[in-house]
$ cat model-v4.txt   # compact mmCIF, C-alpha atoms
# COMPACT_ATOMS: atom_id res chain seq x y z
CA VAL Y 16 -10.02 -8.65 2.00
CA ASN Y 17 -7.80 -8.93 -1.08
CA ALA Y 18 -5.69 -12.02 -1.65
CA CYS Y 19 -4.03 -13.54 -4.69
CA VAL Y 20 -0.91 -15.26 -5.99
CA ASP Y 21 1.83 -12.82 -6.98
CA VAL Y 22 3.88 -13.84 -10.00
CA VAL Y 23 7.10 -11.85 -9.64
CA LEU Y 24 9.59 -11.54 -12.49
CA SER Y 25 11.70 -9.09 -14.47
CA GLY Y 26 9.41 -6.79 -16.47
CA VAL Y 27 11.89 -6.48 -19.31
CA LYS Y 28 12.28 -10.30 -19.55
CA LEU Y 29 8.49 -10.83 -19.68
CA LEU Y 30 7.95 -8.13 -22.32
CA GLU Y 31 10.75 -9.64 -24.40
CA ALA Y 32 9.20 -13.12 -23.98
CA LEU Y 33 5.89 -11.65 -25.22
CA GLY Y 34 7.73 -10.36 -28.32
CA LEU Y 35 7.26 -6.69 -27.41
CA GLU Y 36 9.79 -4.13 -28.61
CA PRO Y 37 10.92 -1.12 -26.51
CA GLY Y 38 9.21 2.15 -27.40
CA ASP Y 39 7.77 5.36 -25.97
CA GLY Y 40 5.99 5.23 -22.65
CA LYS Y 41 2.41 6.33 -22.06
CA ASN Y 42 0.27 6.26 -18.93
CA HIS Y 43 -2.96 4.22 -19.22
CA ALA Y 44 -5.57 4.25 -16.43
CA VAL Y 45 -6.74 0.79 -17.59
CA LEU Y 46 -4.79 -1.68 -19.74
CA SER Y 47 -6.67 -3.38 -22.56
CA SER Y 48 -3.87 -4.86 -24.72
CA ARG Y 49 -0.22 -5.94 -24.78
CA GLN Y 50 0.54 -2.59 -26.43
CA ASP Y 51 -0.98 -0.72 -23.45
CA LEU Y 52 1.09 -2.88 -21.11
CA ARG Y 53 4.31 -2.07 -22.98
CA GLU Y 54 3.60 1.68 -22.95
CA ALA Y 55 2.53 1.84 -19.29
CA PHE Y 56 5.50 -0.25 -18.12
CA SER Y 57 7.92 2.05 -20.04
CA HIS Y 58 6.21 5.14 -18.61
CA PHE Y 59 6.67 4.08 -14.98
CA MET Y 60 10.06 2.42 -15.42
CA GLU Y 61 11.39 5.71 -16.82
CA ARG Y 62 10.22 7.46 -13.62
CA GLY Y 63 11.27 4.68 -11.21
CA ALA Y 64 7.71 4.83 -9.83
CA ALA Y 65 5.45 2.04 -8.57
CA ALA Y 66 2.01 1.66 -10.15
CA GLU Y 67 -0.87 -0.81 -10.26
CA ARG Y 68 -3.34 -1.19 -13.12
CA PHE Y 69 -6.37 -3.29 -14.09
CA PHE Y 70 -6.14 -5.34 -17.32
CA SER Y 71 -9.63 -5.37 -18.85
CA ASP Y 72 -9.32 -8.19 -21.44
CA ALA Y 73 -9.71 -11.51 -19.56
CA GLU Y 74 -8.49 -13.72 -22.40
CA ALA Y 75 -5.42 -11.61 -23.18
CA PHE Y 76 -4.59 -11.41 -19.47
CA ARG Y 77 -4.80 -15.21 -19.06
CA ASP Y 78 -2.31 -15.66 -21.92
CA ILE Y 79 0.12 -13.13 -20.40
CA ALA Y 80 -0.32 -14.68 -16.91
CA ARG Y 81 0.46 -18.15 -18.29
CA ALA Y 82 3.61 -16.86 -20.04
CA ALA Y 83 4.65 -15.08 -16.83
CA SER Y 84 4.07 -17.96 -14.38
CA GLU Y 85 5.87 -20.44 -16.66
CA HIS Y 86 8.85 -18.13 -17.28
CA PRO Y 87 12.09 -19.63 -15.88
CA VAL Y 88 12.82 -16.55 -13.72
CA ALA Y 89 9.27 -16.25 -12.29
CA GLN Y 90 8.67 -16.71 -8.55
CA LEU Y 91 5.25 -17.32 -6.98
CA TYR Y 92 4.36 -15.71 -3.66
CA VAL Y 93 1.44 -14.85 -1.44
CA GLY Y 94 -0.07 -11.63 -2.83
CA GLY Y 95 -2.74 -9.03 -2.13
CA ASN Y 96 -2.29 -6.41 0.61
CA ALA Y 97 -4.58 -8.26 3.04
CA ALA Y 98 -2.87 -11.62 2.58
CA LEU Y 99 0.60 -10.00 2.77
CA ILE Y 100 -0.23 -8.13 5.97
CA GLY Y 101 -1.74 -11.34 7.40
CA GLN Y 102 1.30 -13.37 6.37
CA LYS Y 103 3.65 -10.81 7.96
CA LEU Y 104 1.70 -10.74 11.23
CA ALA Y 105 1.55 -14.56 11.21
CA THR Y 106 5.35 -14.74 11.55
CA ASN Y 107 4.66 -13.82 15.20
CA PRO Y 108 3.96 -17.25 16.77
CA ASP Y 109 1.59 -15.77 19.38
CA LEU Y 110 -0.85 -14.43 16.80
CA LYS Y 111 -3.72 -16.08 14.95
CA ILE Y 112 -4.79 -14.34 11.75
CA LEU Y 113 -8.18 -14.55 10.03
CA LEU Y 114 -7.89 -13.96 6.27
CA CYS Y 115 -10.96 -13.55 4.09
CA GLY Y 116 -9.83 -13.00 0.56
CA PRO Y 117 -10.55 -15.21 -2.45
CA VAL Y 118 -8.17 -18.09 -1.67
CA GLY Y 119 -7.42 -20.59 -4.45
CA PRO Y 120 -5.45 -23.86 -4.12
CA LYS Y 121 -1.98 -22.38 -4.81
CA LEU Y 122 -2.47 -19.49 -2.39
CA HIS Y 123 -3.76 -21.81 0.33
CA GLU Y 124 -0.60 -23.88 0.00
CA LEU Y 125 1.59 -20.75 0.33
CA LEU Y 126 -0.11 -19.34 3.46
CA ASP Y 127 1.39 -19.61 6.95
CA ASP Y 128 -0.16 -22.18 9.32
CA ASN Y 129 -1.20 -19.35 11.66
CA VAL Y 130 -3.52 -17.96 8.97
CA VAL Y 131 -7.11 -19.19 9.28
CA VAL Y 132 -9.23 -19.16 6.09
CA PRO Y 133 -13.02 -19.62 6.44
CA PRO Y 134 -14.42 -22.26 4.03
CA GLU Y 135 -16.58 -19.57 2.32
CA SER Y 136 -13.37 -17.82 1.26
CA MET Y 137 -12.02 -20.77 -0.72
CA GLN Y 138 -12.40 -20.80 -4.52
CA GLU Y 139 -11.43 -23.24 -7.30
CA ARG Y 140 -9.08 -20.93 -9.21
CA ASP Y 141 -6.40 -18.60 -7.95
CA GLU Y 142 -6.39 -14.91 -8.78
CA PHE Y 143 -2.99 -14.09 -10.31
CA HIS Y 144 -1.33 -10.66 -10.10
CA LEU Y 145 1.71 -10.02 -12.28
CA ILE Y 146 4.51 -8.01 -10.75
CA LEU Y 147 7.08 -6.74 -13.21
CA GLU Y 148 10.22 -5.66 -11.39
CA TYR Y 149 13.09 -3.52 -12.65
CA GLN Y 150 16.40 -2.59 -11.06
CA ALA Y 151 17.98 0.84 -10.62
CA GLY Y 152 19.94 1.65 -13.78
CA GLU Y 153 18.29 -1.16 -15.78
CA GLU Y 154 17.74 -0.25 -19.43
CA TRP Y 155 15.09 -1.18 -21.97
CA GLY Y 156 15.52 0.55 -25.30
CA ARG Y 157 16.13 4.21 -24.46
CA VAL Y 158 14.42 3.95 -21.05
CA ARG Y 159 16.68 3.83 -18.00
CA ALA Y 160 15.19 3.24 -14.53
CA PRO Y 161 16.38 5.85 -11.97
CA ALA Y 162 15.38 3.54 -9.09
CA ALA Y 163 14.34 -0.07 -8.49
CA ASN Y 164 10.57 -0.51 -8.43
CA ARG Y 165 7.74 -2.56 -9.92
CA PHE Y 166 4.66 -2.37 -12.12
CA ILE Y 167 1.67 -4.49 -11.07
CA PHE Y 168 -1.35 -5.50 -13.14
CA SER Y 169 -4.18 -8.04 -12.96
CA HIS Y 170 -7.61 -9.01 -14.25
CA ASP Y 171 -9.04 -9.72 -10.86
CA LEU Y 172 -12.82 -9.58 -10.60
CA SER Y 173 -13.26 -11.34 -7.28
CA ASN Y 174 -11.00 -8.94 -5.35
CA GLY Y 175 -12.30 -6.07 -7.50
CA ALA Y 176 -15.85 -6.63 -6.28
CA LEU Y 177 -14.65 -7.04 -2.67
CA ASN Y 178 -16.51 -10.38 -2.78
CA MET Y 179 -15.28 -11.55 0.60
CA LEU Y 180 -16.05 -8.46 2.70
CA GLU Y 181 -19.37 -9.74 4.09
CA VAL Y 182 -17.86 -13.17 4.79
CA PHE Y 183 -15.08 -11.36 6.66
CA VAL Y 184 -17.35 -9.18 8.82
CA SER Y 185 -19.67 -12.11 9.64
CA SER Y 186 -16.63 -14.22 10.69
CA LEU Y 187 -15.52 -11.62 13.25
CA ASP Y 188 -18.10 -12.60 15.90
CA GLU Y 189 -16.60 -16.04 16.25
CA PHE Y 190 -12.97 -14.95 15.74
CA GLN Y 191 -13.05 -12.06 18.26
CA PRO Y 192 -10.11 -10.05 16.84
CA ASP Y 193 -7.97 -7.46 18.65
CA LEU Y 194 -7.38 -5.59 15.40
CA VAL Y 195 -9.03 -5.44 11.96
CA VAL Y 196 -6.95 -4.61 8.89
CA LEU Y 197 -8.80 -3.72 5.69
CA SER Y 198 -7.37 -3.37 2.21
CA GLY Y 199 -8.39 -3.88 -1.38
CA LEU Y 200 -10.57 -0.81 -2.03
CA HIS Y 201 -8.22 0.14 -4.89
CA MET Y 202 -9.14 -3.13 -6.62
CA MET Y 203 -12.65 -1.75 -7.19
CA GLU Y 204 -11.36 0.67 -9.85
CA GLY Y 205 -11.87 -2.05 -12.49
CA GLN Y 206 -15.65 -1.92 -11.89
CA SER Y 207 -18.16 0.36 -13.61
CA LYS Y 208 -18.88 3.61 -11.77
CA GLU Y 209 -22.39 2.48 -10.75
CA MET Y 210 -21.24 -0.92 -9.53
CA ARG Y 211 -18.36 0.67 -7.65
CA GLN Y 212 -20.58 3.23 -5.91
CA ARG Y 213 -23.10 0.56 -4.90
CA ARG Y 214 -20.38 -1.77 -3.65
CA LEU Y 215 -18.70 1.05 -1.71
CA MET Y 216 -22.00 1.79 0.08
CA GLU Y 217 -22.34 -1.91 0.95
CA ALA Y 218 -18.73 -1.96 2.15
CA VAL Y 219 -19.41 1.06 4.36
CA ALA Y 220 -22.48 -0.68 5.82
CA SER Y 221 -20.39 -3.79 6.54
CA ILE Y 222 -17.51 -1.87 8.10
CA SER Y 223 -20.04 -0.01 10.29
CA ASP Y 224 -21.05 -3.40 11.72
CA ILE Y 225 -17.56 -4.00 13.16
CA PRO Y 226 -17.71 -3.42 16.95
CA THR Y 227 -16.35 0.06 17.77
CA ASP Y 228 -13.91 -1.23 20.40
CA ILE Y 229 -11.87 -3.03 17.71
CA PRO Y 230 -9.35 -0.68 16.02
CA ILE Y 231 -9.54 -0.74 12.20
CA HIS Y 232 -6.55 -0.03 9.95
CA LEU Y 233 -7.05 0.70 6.24
CA GLU Y 234 -4.14 0.08 3.88
CA LEU Y 235 -4.38 2.20 0.73
CA ALA Y 236 -2.78 1.36 -2.63
CA SER Y 237 -2.22 2.90 -6.06
CA MET Y 238 -5.36 4.47 -7.55
CA THR Y 239 -6.21 6.56 -10.63
CA ASP Y 240 -9.84 7.75 -10.17
CA GLN Y 241 -9.95 11.00 -8.21
CA ASP Y 242 -13.74 10.95 -7.67
CA PHE Y 243 -13.54 7.47 -6.16
CA MET Y 244 -10.67 8.50 -3.90
CA SER Y 245 -12.62 11.59 -2.86
CA ASN Y 246 -15.66 9.41 -1.99
CA ILE Y 247 -13.55 7.08 0.13
CA MET Y 248 -12.07 10.04 1.94
CA HIS Y 249 -14.94 12.46 2.34
CA GLN Y 250 -18.16 10.75 3.09
CA GLN Y 251 -17.51 7.13 3.42
CA VAL Y 252 -14.55 5.14 4.62
CA PHE Y 253 -12.06 7.46 6.35
CA PRO Y 254 -14.40 8.38 9.25
CA LEU Y 255 -14.99 4.66 10.00
CA VAL Y 256 -11.36 3.60 10.38
CA ASN Y 257 -8.87 4.44 13.14
CA SER Y 258 -5.70 4.18 11.12
CA ILE Y 259 -4.44 4.47 7.53
CA GLY Y 260 -1.25 3.23 5.83
CA LEU Y 261 -0.03 4.80 2.58
CA ASN Y 262 3.01 5.74 0.49
CA GLU Y 263 4.07 8.93 -1.30
CA GLN Y 264 2.13 8.22 -4.54
CA GLU Y 265 -1.09 7.61 -2.61
CA LEU Y 266 -0.57 10.66 -0.39
CA LEU Y 267 -0.10 12.99 -3.38
CA PHE Y 268 -3.10 11.47 -5.16
CA LEU Y 269 -5.16 11.97 -2.02
CA THR Y 270 -4.42 15.70 -1.77
CA GLN Y 271 -4.92 16.15 -5.55
CA SER Y 272 -8.32 14.40 -5.32
CA ALA Y 273 -9.58 16.72 -2.58
CA SER Y 274 -7.70 19.94 -3.45
CA GLY Y 275 -5.65 19.75 -0.27
CA PRO Y 276 -2.29 21.43 0.43
CA HIS Y 277 0.34 21.17 -2.35
CA ALA Y 278 -2.35 19.69 -4.67
CA SER Y 279 -0.76 21.55 -7.62
CA LEU Y 280 2.35 19.37 -7.30
CA ALA Y 281 2.14 17.06 -10.33
CA SER Y 282 4.64 14.49 -9.02
CA TRP Y 283 7.50 14.12 -6.56
CA SER Y 284 10.97 14.86 -7.83
CA GLY Y 285 13.36 12.55 -6.00
CA ILE Y 286 12.84 12.04 -2.28
CA PRO Y 287 9.51 13.55 -1.18
CA ASP Y 288 10.06 16.78 0.78
CA VAL Y 289 9.38 16.12 4.49
CA GLY Y 290 7.70 19.51 5.00
CA VAL Y 291 5.32 18.96 2.08
CA VAL Y 292 4.49 15.43 3.27
CA SER Y 293 3.89 16.71 6.82
CA ASP Y 294 1.55 19.45 5.60
CA ILE Y 295 -0.60 16.93 3.71
CA LEU Y 296 -0.64 14.43 6.60
CA PHE Y 297 -1.58 17.21 9.02
CA TRP Y 298 -4.40 18.31 6.70
CA VAL Y 299 -5.80 14.76 6.41
CA LEU Y 300 -6.11 14.45 10.19
CA LYS Y 301 -7.32 18.04 10.65
CA GLU Y 302 -9.97 17.76 7.91
CA HIS Y 303 -10.99 14.11 8.19
CA GLY Y 304 -9.68 12.92 11.55
CA LYS Y 305 -11.27 12.81 14.98
CA THR Y 306 -11.99 16.14 16.67
CA ALA Y 307 -14.41 17.20 19.39
CA GLU Y 308 -16.81 18.41 16.66
CA ARG Y 309 -16.39 15.61 14.11
CA ALA Y 310 -17.76 12.07 14.30
CA SER Y 311 -14.68 10.43 12.79
CA ASP Y 312 -12.57 7.64 14.26
CA LEU Y 313 -9.44 8.44 12.24
CA THR Y 314 -6.51 9.20 14.57
CA ARG Y 315 -3.43 7.61 12.99
CA ILE Y 316 -1.57 7.68 9.64
CA HIS Y 317 1.53 5.61 8.90
CA PHE Y 318 3.31 7.15 5.91
CA HIS Y 319 6.15 5.26 4.23
CA THR Y 320 8.43 6.19 1.37
CA LEU Y 321 11.75 4.61 0.38
CA ALA Y 322 13.97 7.00 2.37
CA TYR Y 323 11.94 7.66 5.54
CA HIS Y 324 8.70 6.96 7.43
CA ILE Y 325 6.41 9.26 9.43
CA LEU Y 326 3.81 8.12 11.95
CA VAL Y 327 1.22 10.83 12.65
CA THR Y 328 -1.29 10.52 15.50
CA VAL Y 329 -3.98 12.63 17.13
CA ASP Y 330 -2.90 13.13 20.75
CA GLY Y 331 -4.49 10.88 23.37
CA HIS Y 332 -5.31 7.91 21.14
CA TRP Y 333 -2.06 6.00 20.53
CA GLY Y 334 1.10 5.09 22.41
CA ASN Y 335 4.50 3.60 21.60
CA GLN Y 336 4.79 5.58 18.36
CA ALA Y 337 8.60 5.82 18.37
CA ALA Y 338 8.93 2.03 18.58
CA ALA Y 339 6.21 1.53 15.96
CA VAL Y 340 7.75 3.81 13.34
CA ALA Y 341 11.24 2.38 14.03
CA ALA Y 342 9.93 -1.20 13.72
CA GLY Y 343 8.38 -0.35 10.34
CA ALA Y 344 11.65 1.15 9.12
CA ARG Y 345 13.59 -1.89 10.31
CA ALA Y 346 11.13 -4.20 8.51
CA ALA Y 347 11.74 -2.26 5.27
CA GLY Y 348 15.51 -2.79 5.48
CA THR Y 349 15.39 -6.45 6.43
CA GLN Y 350 12.65 -7.53 4.03
CA ALA Y 351 14.06 -5.75 0.97
CA CYS Y 352 17.49 -7.31 1.59
CA ALA Y 353 15.95 -10.67 2.68
CA THR Y 354 18.02 -10.73 5.90
CA ASP Y 355 16.84 -11.43 9.45
CA THR Y 356 18.51 -8.36 10.89
CA ILE Y 357 19.89 -5.17 9.33
CA ASP Y 358 23.19 -5.92 7.61
CA THR Y 359 24.96 -2.55 7.52
CA SER Y 360 27.08 -3.54 4.53
CA LYS Y 361 23.91 -4.00 2.45
CA VAL Y 362 22.11 -0.76 3.28
CA PHE Y 363 22.60 2.99 2.88
CA LEU Y 364 20.98 6.20 4.10
CA LYS Y 365 18.94 8.24 1.63
CA ALA Y 366 16.88 10.34 4.04
CA PRO Y 367 17.45 14.07 4.52
CA LEU Y 368 19.21 14.51 7.87
CA GLU Y 369 18.01 18.11 8.08
CA PHE Y 370 14.59 19.31 7.02
CA LEU Y 371 11.77 21.80 7.60
CA THR Y 372 8.60 20.43 9.22
CA SER Y 373 6.18 22.53 7.12
CA HIS Y 374 5.81 24.81 4.11
CA THR Y 375 2.41 26.26 5.02
CA GLU Y 376 3.14 27.63 8.49
CA ALA Y 377 6.18 28.76 10.49
CA PRO Y 378 8.26 25.57 10.41
CA SER Y 379 10.85 24.28 12.77
CA LYS Y 380 14.14 23.04 11.36
CA ILE Y 381 15.00 19.53 12.45
CA SER Y 382 18.33 17.72 12.48
CA VAL Y 383 18.40 13.95 12.81
CA ASN Y 384 20.73 12.61 15.49
CA PRO Y 385 22.16 9.18 14.49
CA ASP Y 386 22.21 8.10 18.16
CA ASP Y 387 18.50 8.78 18.50
CA PRO Y 388 17.10 8.43 14.99
CA VAL Y 389 13.37 8.84 15.74
CA VAL Y 390 12.53 12.55 15.65
CA HIS Y 391 9.34 13.91 17.19
CA TRP Y 392 7.49 17.18 16.66
CA HIS Y 393 4.06 18.50 17.42
CA ARG Y 394 1.45 20.64 15.66
CA GLU Y 395 -1.97 21.62 17.05
CA GLY Y 396 -2.73 18.43 18.96
CA ILE Y 397 -1.10 16.16 16.40
CA SER Y 398 2.20 14.31 16.96
CA PHE Y 399 4.70 13.45 14.22
CA HIS Y 400 7.32 10.69 14.59
CA PHE Y 401 9.92 10.58 11.78
CA THR Y 402 12.66 8.03 11.18
CA PRO Y 403 15.13 7.51 8.31
CA VAL Y 404 15.10 4.09 6.63
CA LEU Y 405 18.21 2.01 6.04
CA VAL Y 406 17.60 1.39 2.35
CA CYS Y 407 18.67 -1.91 0.82
CA LYS Y 408 21.37 -1.37 -1.88
CA ASP Y 409 20.38 -4.40 -3.96
CA PRO Y 410 16.78 -5.24 -3.08
CA VAL Y 411 15.92 -8.92 -3.40
CA ARG Y 412 12.18 -8.25 -3.31
CA THR Y 413 10.24 -4.97 -3.23
CA VAL Y 414 6.74 -6.47 -3.40
CA GLY Y 415 4.69 -6.23 -0.24
CA LEU Y 416 7.20 -3.90 1.39
CA GLY Y 417 4.55 -1.33 2.29
CA ASP Y 418 2.38 -4.10 3.73
CA ALA Y 419 5.25 -5.44 5.85
CA ILE Y 420 6.00 -1.90 7.09
CA SER Y 421 2.38 -1.24 8.05
CA ALA Y 422 1.96 -4.66 9.68
CA GLU Y 423 5.10 -4.24 11.76
CA GLY Y 424 4.14 -0.70 12.75
CA LEU Y 425 0.70 -1.92 13.86
CA LEU Y 426 2.22 -4.72 15.90
CA TYR Y 427 4.15 -2.16 18.00
CA SER Y 428 1.36 0.44 18.15
CA GLU Y 429 -0.69 0.76 21.30
CA ALA Y 430 -4.30 1.83 20.75
CA TYR Y 431 -5.78 3.46 23.83
CA PRO Y 432 -9.33 2.29 24.53
CA GLN Y 433 -11.71 5.21 24.00
$ encode --input "model-v4.txt" --output "structure tokens"
Amino acid sequence: VNACVDVVLSGVKLLEALGLEPGDGKNHAVLSSRQDLREAFSHFMERGAAAERFFSDAEAFRDIARAASEHPVAQLYVGGNAALIGQKLATNPDLKILLCGPVGPKLHELLDDNVVVPPESMQERDEFHLILEYQAGEEWGRVRAPAANRFIFSHDLSNGALNMLEVFVSSLDEFQPDLVVLSGLHMMEGQSKEMRQRRLMEAVASISDIPTDIPIHLELASMTDQDFMSNIMHQQVFPLVNSIGLNEQELLFLTQSASGPHASLASWSGIPDVGVVSDILFWVLKEHGKTAERASDLTRIHFHTLAYHILVTVDGHWGNQAAAVAAGARAAGTQACATDTIDTSKVFLKAPLEFLTSHTEAPSKISVNPDDPVVHWHREGISFHFTPVLVCKDPVRTVGLGDAISAEGLLYSEAYPQ
């Protein structure tokens, strides 16, 4: 239920256009000034890490957004996880997609013809999100980016309040979907604690109204409030959804928020260790997923990081996992390079071709066979499907990559009726 217009441009070029000088980086949970923006951008660029932040000053944000959208190198795209997943699924001519996010005139013009927007979702002004990209090796002052990534920020109250959730759920009766994809919970971090808690309860009530025979996938995104993450996981949203999509930042934040395995790990160094990732994924499904004793619907997690993807499922609920995880990996390579098929001259392999499957129990050692690149292993009623990703050498566009991966993986996934 989150939708916006993404303004994509070079972070360094925008900061220079705003007259900001390079300096020391500093992490800010919320941005309230140009100075905060400069420090937070430097902080994440230095680490080559993706992040998303709320900009609290509406006036200051509008000025920055105007400068960004009018910058000669800026490109305008469909944005918001929900709209991006919808847009990706809509490239399949046999599918009709219902999108209920706040849709302004520019966004409506950018959406695929297969995307249906209910009149109640239309609004007079677009919500803009600014996406500041940087390339591997790019320098700004003394900061040098170890990898290509992006820093996202917005002052987006409509998506932040999940304004369109009720419109969405009430539109489902008429639309009769085969699959529901939810995203945008992370946008609520800009709200006050009280407002956020109330809205989360209302969201839970709405999601509970979705007929149980329709699988629900929740796409997570970058968050900073551990209590909020813990609420989403423990008592509220996780048990209501069948599937979750997330990346390495979100996975680590999740285990830190709930004191799960490897929670003492402050950050990933380089490519996330497969065994560590597997332990956390296993724990999420064991602690919060469906079991004979637990009334939870969660049976699937699609994990994606730059170098590899893992699809984890509780046995007996999903089929076609090898194809699904491979399709997601293929989507990553083609979309980042902006090619229709994988062009081997434009991609390289970054994944470990040998790894341990766990660090908390007796692991097995796995070697990846290039002729059969999807590797499968099993742990207490839970299946893991791993595949390397062919990483684009010079990415044309990194925005929405996680959404494209999750959408493609869902398209190939077979949910067994329960």
$ residues_near_point --input "model-v4.txt" --point "(15.6, 2.6, -28.4)" --cutoff "7 Å" --atoms "only C-alpha atoms" --output "PDB file with C-alpha atoms, in the frame of the given file"
ATOM      1  CA  PRO Y  37      10.920  -1.120 -26.510  1.00  0.00           C
ATOM      2  CA  GLY Y  38       9.210   2.150 -27.400  1.00  0.00           C
ATOM      3  CA  GLY Y 156      15.520   0.550 -25.300  1.00  0.00           C
ATOM      4  CA  ARG Y 157      16.130   4.210 -24.460  1.00  0.00           C
TER       5      ARG Y 157
END
$ closest_residue --input "model-v4.txt" --among "Y:Asp355, Y:Trp283, Y:Arg394, Y:Pro385" --to "Thr328 (chain Y)" --atoms "all atoms listed in the file"
Y:Arg394
$ residues_around --input "model-v4.txt" --residues "His319 (chain Y)" --least-positions-apart "3" --cutoff "8 Å" --atoms "all atoms listed in the file" --output "mmCIF file with C-alpha atoms, in the frame of the given file"
data_model
loop_
_atom_site.group_PDB
_atom_site.id
_atom_site.type_symbol
_atom_site.label_atom_id
_atom_site.label_comp_id
_atom_site.auth_asym_id
_atom_site.auth_seq_id
_atom_site.Cartn_x
_atom_site.Cartn_y
_atom_site.Cartn_z
ATOM 1 C CA GLY Y 260 -1.250 3.230 5.830
ATOM 2 C CA LEU Y 261 -0.030 4.800 2.580
ATOM 3 C CA ASN Y 262 3.010 5.740 0.490
ATOM 4 C CA GLU Y 263 4.070 8.930 -1.300
ATOM 5 C CA TYR Y 323 11.940 7.660 5.540
ATOM 6 C CA HIS Y 324 8.700 6.960 7.430
ATOM 7 C CA ILE Y 325 6.410 9.260 9.430
ATOM 8 C CA GLY Y 417 4.550 -1.330 2.290
ATOM 9 C CA ILE Y 420 6.000 -1.900 7.090
#
$ residues_near_point --input "model-v4.txt" --point "(-15.6, 11.8, 10.8)" --cutoff "9 Å" --atoms "only C-alpha atoms" --output "ChimeraX atom specification"
/Y:249-251,253-255,302-306,308-313
$ residues_around --input "model-v4.txt" --residues "region 164-168 of chain Y" --least-positions-apart "4" --cutoff "10 Å" --atoms "all atoms listed in the file" --output "PyMOL selection string"
chain Y and resi 21-26+45-46+52+55-57+59-60+62-70+76+80+143-151+160+237+410+412-414
$ closest_residue --input "model-v4.txt" --among "Y:Val256, Y:Val195, Y:Ala32, Y:Cys19" --to "Leu122 (chain Y)" --atoms "only C-alpha atoms"
Y:Cys19
$ atom_distance --input "model-v4.txt" --atom1 "CA of Ala163 (chain Y)" --atom2 "CA of Ala75 (chain Y)"
27.2 Å
$ closest_residue --input "model-v4.txt" --among "Y:His58, Y:His277, Y:Lys103, Y:Lys361" --to "Trp298 (chain Y)" --atoms "all atoms listed in the file"
Y:His277
$ axis_aligned_box --input "model-v4.txt" --around "region 184-191 of chain Y" --padding-each-side "6 Å" --output "lines of an AutoDock Vina configuration file"
center_x = -16.3
center_y = -12.6
center_z = 13.5
size_x = 18.7
size_y = 18.9
size_z = 21.4
$ closest_residue --input "model-v4.txt" --among "Y:Val340, Y:Leu321, Y:Val20, Y:Ala377" --to "Leu426 (chain Y)" --atoms "only C-alpha atoms"
Y:Val340
$ atom_distance --input "model-v4.txt" --atom1 "CA of Arg315 (chain Y)" --atom2 "CA of Ala353 (chain Y)"
28.6 Å
$ residues_around --input "model-v4.txt" --residues "Ser173 (chain Y)" --least-positions-apart "6" --cutoff "9 Å" --atoms "all atoms listed in the file" --output "ChimeraX atom specification"
/Y:17,116-117,142,179
$ closest_residue --input "model-v4.txt" --among "Y:Lys380, Y:Lys408, Y:Lys301, Y:Arg77" --to "Phe363 (chain Y)" --atoms "only C-alpha atoms"
Y:Lys408
$ residues_around --input "model-v4.txt" --residues "Ala82 (chain Y)" --least-positions-apart "4" --cutoff "8 Å" --atoms "all atoms listed in the file" --output "list in words"
Leu29, Ala32, Leu33, Asp78 and His86 of chain Y
$ closest_atom_pairs --input "model-v4.txt" --of "region 159-247 of chain Y" --to "region 135-140 of chain Y" --cutoff "10 Å" --atoms "all atoms listed in the file" --output "JSON lines"
{"residue": "Y:Ser173", "atom": "CA", "partner": "Y:Gln138", "partner_atom": "CA", "distance": 9.9}
{"residue": "Y:Asn178", "atom": "CA", "partner": "Y:Ser136", "partner_atom": "CA", "distance": 9.0}
{"residue": "Y:Met179", "atom": "CA", "partner": "Y:Ser136", "partner_atom": "CA", "distance": 6.6}
{"residue": "Y:Leu180", "atom": "CA", "partner": "Y:Ser136", "partner_atom": "CA", "distance": 9.8}
{"residue": "Y:Val182", "atom": "CA", "partner": "Y:Glu135", "partner_atom": "CA", "distance": 7.0}
{"residue": "Y:Phe183", "atom": "CA", "partner": "Y:Ser136", "partner_atom": "CA", "distance": 8.6}
{"residue": "Y:Ser186", "atom": "CA", "partner": "Y:Glu135", "partner_atom": "CA", "distance": 9.9}
